Structures are given as structure tokens and as C-alpha cells.
$ cat my_file29.cif   # mmCIF, C-alpha atoms
data_upload
loop_
_atom_site.label_atom_id
_atom_site.label_comp_id
_atom_site.auth_asym_id
_atom_site.auth_seq_id
_atom_site.Cartn_x
_atom_site.Cartn_y
_atom_site.Cartn_z
CA MET A 1 -153.77 -169.97 -153.89
CA THR A 2 -153.32 -170.39 -157.61
CA GLY A 3 -150.48 -172.07 -159.47
CA SER A 4 -148.79 -168.77 -160.28
CA ASP A 5 -148.82 -167.67 -156.63
CA GLY A 6 -147.08 -170.92 -155.61
CA SER A 7 -144.40 -170.59 -158.26
CA ASN A 8 -143.90 -166.93 -157.30
CA GLY A 9 -143.39 -167.95 -153.68
CA ARG A 10 -140.87 -170.64 -154.64
CA ALA A 11 -138.99 -168.22 -156.89
CA ARG A 12 -138.89 -165.66 -154.09
CA ALA A 13 -137.64 -168.27 -151.59
CA ARG A 14 -135.01 -169.48 -154.05
CA GLY A 15 -133.88 -165.87 -154.56
CA LEU A 16 -133.58 -165.34 -150.81
CA VAL A 17 -131.58 -168.56 -150.39
CA LEU A 18 -129.21 -167.56 -153.22
CA LYS A 19 -128.74 -164.10 -151.70
CA ALA A 20 -127.99 -165.62 -148.30
CA ILE A 21 -125.43 -168.02 -149.82
CA PHE A 22 -123.85 -165.16 -151.77
CA LEU A 23 -123.60 -162.95 -148.67
CA LEU A 24 -122.20 -165.77 -146.54
CA GLY A 25 -119.61 -166.66 -149.21
CA GLY A 26 -118.61 -163.02 -149.55
CA ALA A 27 -118.19 -162.71 -145.78
CA LEU A 28 -115.98 -165.81 -145.67
CA ILE A 29 -113.81 -164.55 -148.54
CA LEU A 30 -113.50 -161.13 -146.91
CA LYS A 31 -112.48 -162.74 -143.62
CA ARG A 32 -109.82 -164.82 -145.34
CA PHE A 33 -108.26 -161.88 -147.19
CA THR A 34 -108.30 -159.54 -144.20
CA LYS A 35 -106.76 -162.06 -141.80
CA SER A 36 -103.67 -160.50 -140.24
CA ARG A 37 -100.36 -162.26 -140.60
CA THR A 38 -97.98 -162.82 -137.73
CA SER A 39 -94.22 -162.55 -137.84
CA TRP A 40 -94.12 -166.37 -137.83
CA ASP A 41 -96.26 -166.35 -141.00
CA HIS A 42 -93.75 -163.98 -142.59
CA ALA A 43 -90.84 -166.23 -141.56
CA ARG A 44 -92.60 -169.23 -143.14
CA ILE A 45 -93.20 -167.27 -146.36
CA ILE A 46 -89.50 -166.27 -146.55
CA ALA A 47 -88.34 -169.85 -145.87
CA ASP A 48 -90.68 -171.16 -148.58
CA ALA A 49 -89.45 -168.51 -151.05
CA LEU A 50 -85.80 -169.41 -150.40
CA SER A 51 -86.42 -173.16 -150.79
CA GLY A 52 -85.92 -174.91 -154.10
CA GLU A 53 -83.45 -175.08 -156.97
CA LYS A 54 -82.53 -171.81 -158.65
CA PHE A 55 -80.18 -170.89 -161.49
CA SER A 56 -78.45 -167.61 -162.39
CA SER A 57 -78.48 -168.36 -166.14
CA GLU A 58 -80.47 -165.24 -167.07
CA GLN A 59 -78.08 -162.93 -165.23
CA ALA A 60 -75.04 -164.81 -166.62
CA SER A 61 -76.32 -164.52 -170.19
CA ARG A 62 -76.86 -160.75 -169.80
CA ASP A 63 -73.39 -160.12 -168.33
CA PRO A 64 -71.09 -163.13 -168.91
CA MET A 65 -67.94 -161.20 -167.97
CA ASN A 66 -69.12 -160.64 -164.39
CA TYR A 67 -71.55 -163.51 -163.63
CA PHE A 68 -71.38 -167.28 -163.84
CA ASN A 69 -74.28 -169.64 -164.37
CA LEU A 70 -74.64 -171.02 -160.85
CA ARG A 71 -77.10 -173.45 -159.32
CA THR A 72 -78.35 -173.00 -155.79
CA LEU A 73 -80.27 -175.62 -153.91
CA THR A 74 -82.03 -174.81 -150.65
CA CYS A 75 -84.14 -177.28 -148.73
CA PRO A 76 -85.60 -177.56 -145.21
CA ALA A 77 -83.20 -179.22 -142.77
CA THR A 78 -85.01 -179.06 -139.43
CA VAL A 79 -87.22 -176.98 -137.17
CA MET A 80 -85.71 -175.74 -133.92
CA VAL A 81 -87.48 -175.94 -130.54
CA ASP A 82 -88.47 -172.26 -130.75
CA GLY A 83 -90.06 -172.79 -134.20
CA SER A 84 -87.16 -171.36 -136.24
CA LYS A 85 -86.65 -173.10 -139.56
CA VAL A 86 -83.18 -174.30 -140.55
CA LEU A 87 -82.48 -174.53 -144.28
CA TYR A 88 -79.60 -176.33 -146.00
CA PHE A 89 -78.09 -174.26 -148.82
CA GLU A 90 -75.53 -175.25 -151.43
CA GLN A 91 -74.09 -173.41 -154.40
CA ALA A 92 -72.42 -175.07 -157.40
CA PHE A 93 -71.61 -174.40 -161.02
CA TRP A 94 -74.54 -175.54 -163.14
CA ARG A 95 -72.39 -178.08 -165.04
CA THR A 96 -71.18 -179.78 -161.86
CA PRO A 97 -74.08 -179.70 -159.38
CA GLU A 98 -72.69 -182.75 -157.57
CA LYS A 99 -69.64 -180.67 -156.48
CA PRO A 100 -70.95 -177.69 -154.51
CA PHE A 101 -68.31 -175.09 -153.70
CA ARG A 102 -70.37 -173.43 -150.94
CA GLN A 103 -72.54 -175.10 -148.32
CA ARG A 104 -74.34 -173.32 -145.51
CA PHE A 105 -77.18 -173.60 -143.07
CA TYR A 106 -79.60 -170.70 -142.74
CA MET A 107 -81.83 -170.12 -139.73
CA VAL A 108 -85.07 -168.27 -140.52
CA LYS A 109 -87.11 -166.77 -137.68
CA PRO A 110 -88.97 -163.59 -136.72
CA CYS A 111 -86.80 -160.69 -135.60
CA PRO A 112 -86.79 -159.69 -131.96
CA LYS A 113 -88.84 -156.52 -131.40
CA GLU A 114 -85.75 -154.43 -130.68
CA MET A 115 -84.31 -155.19 -134.18
CA LYS A 116 -87.23 -153.45 -135.95
CA CYS A 117 -87.54 -155.95 -138.82
CA ASP A 118 -89.96 -158.74 -139.70
CA VAL A 119 -87.75 -161.75 -140.47
CA GLU A 120 -84.15 -162.63 -139.65
CA VAL A 121 -82.17 -164.97 -141.92
CA ARG A 122 -78.96 -165.99 -140.21
CA ALA A 123 -76.23 -167.88 -142.04
CA ILE A 124 -74.60 -170.39 -139.69
CA PHE A 125 -71.07 -171.50 -140.54
CA MET A 126 -69.52 -174.45 -138.69
CA LEU A 127 -65.89 -175.44 -138.42
CA LEU A 128 -66.04 -179.21 -138.22
CA LEU A 129 -62.37 -179.72 -137.34
CA ALA A 130 -62.22 -177.32 -134.41
CA GLY A 131 -65.84 -177.83 -133.38
CA ALA A 132 -66.29 -174.07 -133.06
CA THR A 133 -68.92 -171.86 -134.60
CA LEU A 134 -67.99 -168.83 -136.69
CA PRO A 135 -69.91 -165.59 -136.22
CA ALA A 136 -73.27 -165.63 -137.93
CA TYR A 137 -74.30 -163.08 -140.53
CA ILE A 138 -77.76 -161.60 -140.31
CA ILE A 139 -79.98 -160.51 -143.20
CA LYS A 140 -83.02 -158.46 -142.21
CA PHE A 141 -86.26 -158.40 -144.23
CA HIS A 142 -88.67 -155.54 -143.71
#
$ encode --input "my_file29.cif" --output "C-alpha cells"
Amino acid sequence: MTGSDGSNGRARARGLVLKAIFLLGGALILKRFTKSRTSWDHARIIADALSGEKFSSEQASRDPMNYFNLRTLTCPATVMVDGSKVLYFEQAFWRTPEKPFRQRFYMVKPCPKEMKCDVEVRAIFMLLLAGATLPAYIIKFH
């Protein structure tokens, strides 16, 4: 075996190792992107998208006669026993964020199969004085 045969063998082995790594990496990436999502994954994505501080300044600047510059703040409040996420939501004028004029709790969970939707967002209103619960409103995401 001459020196060129040995370097050829090493180059060939290195090429095979690189091809194997490339194929394995490609298979792992393919598996990650083709992984199916469950309705609970969709509920988590919706809850994450709703969370945070948002302003309506762009809409208010385009049409100031019909829209105000409002600030909404949504943050996770708790997780229910069944896995549903409860979000705290408040809405205020952007100049007075410490004085919200609307406060709600939203429950985010997968829809029951008979509702034919992916995610249910239910606004929960509570009457603190009477201790009763008002009817909930349901928003369906498909």
C-alpha cells in the first residue's frame, strides 16, 4: 500500500462519514417538521399569541374618528386541572394604562369534537358582589 492509496482510503472514509451525518441530520429535520400537532398544541399556540402587551395605535392613526389608541395586556393567570389555560386580560387607554376600563379572564382549550373547531377561547365574566357567573362567550378558531 502506497501513500496515495492510504490518503485515498481516508478521503473515502471521511466522505462516507460526512454523507452519513448529512443523511442523519436531514432525517431529524424532516421528522421535526412533519411532526403532527395536537389540539392541545394549537391551544398553547393561541394562548401564546394572545399573551403580551398590544396597542391599537396603527389602526387609530388610520381612522381616528372611529378608533382609539388602546392598550391591551394579556398574561397567563393559571392552568386548570384539565390543562386549559386561563389568561388575564385588561384594556385601557394608552395614556392611562394604570386605569383599565375592561378586565376579563379568558379560558383557552381545545374544542370538543362535536363543536368542529380547533380551539375555544371563552371569556369568563364574574360578578363579585352577587357571586354569580355571567354567561360565557365563545370564540372558535378553525
$ residues_around --input "my_file29.cif" --residues "A:Pro76" --least-positions-apart "4" --cutoff "10 Å" --atoms "only C-alpha atoms" --output "tab-separated table (two decimals) with C-alpha atoms, in the frame of the given file"
chain	number	residue	atom	x	y	z
A	47	ALA	CA	-88.34	-169.85	-145.87
A	48	ASP	CA	-90.68	-171.16	-148.58
A	50	LEU	CA	-85.80	-169.41	-150.40
A	51	SER	CA	-86.42	-173.16	-150.79
A	52	GLY	CA	-85.92	-174.91	-154.10
A	85	LYS	CA	-86.65	-173.10	-139.56
A	86	VAL	CA	-83.18	-174.30	-140.55
A	87	LEU	CA	-82.48	-174.53	-144.28
A	88	TYR	CA	-79.60	-176.33	-146.00
A	89	PHE	CA	-78.09	-174.26	-148.82
A	105	PHE	CA	-77.18	-173.60	-143.07
A	106	TYR	CA	-79.60	-170.70	-142.74
A	107	MET	CA	-81.83	-170.12	-139.73
$ atom_distance --input "my_file29.cif" --atom1 "atom CA of A:Cys117" --atom2 "atom CA of A:Ser84"
15.6 Å
$ resolve_selection --input "my_file29.cif" --expression "the PyMOL selection byres ((chain A and resi 102) around 9)" --output "NGL selection string"
:A and (89-92 or 100-101 or 103-104)
$ resolve_selection --input "my_file29.cif" --expression "the PyMOL selection byres ((chain A and resi 43) around 9)" --output "PyMOL selection string"
chain A and resi 38-42+44-48+84-85+108-110+118-121
$ resolve_selection --input "my_file29.cif" --expression "the PyMOL selection byres ((chain A and resi 94) around 10)" --output "ChimeraX atom specification"
/A:54-57,68-72,91-93,95-100
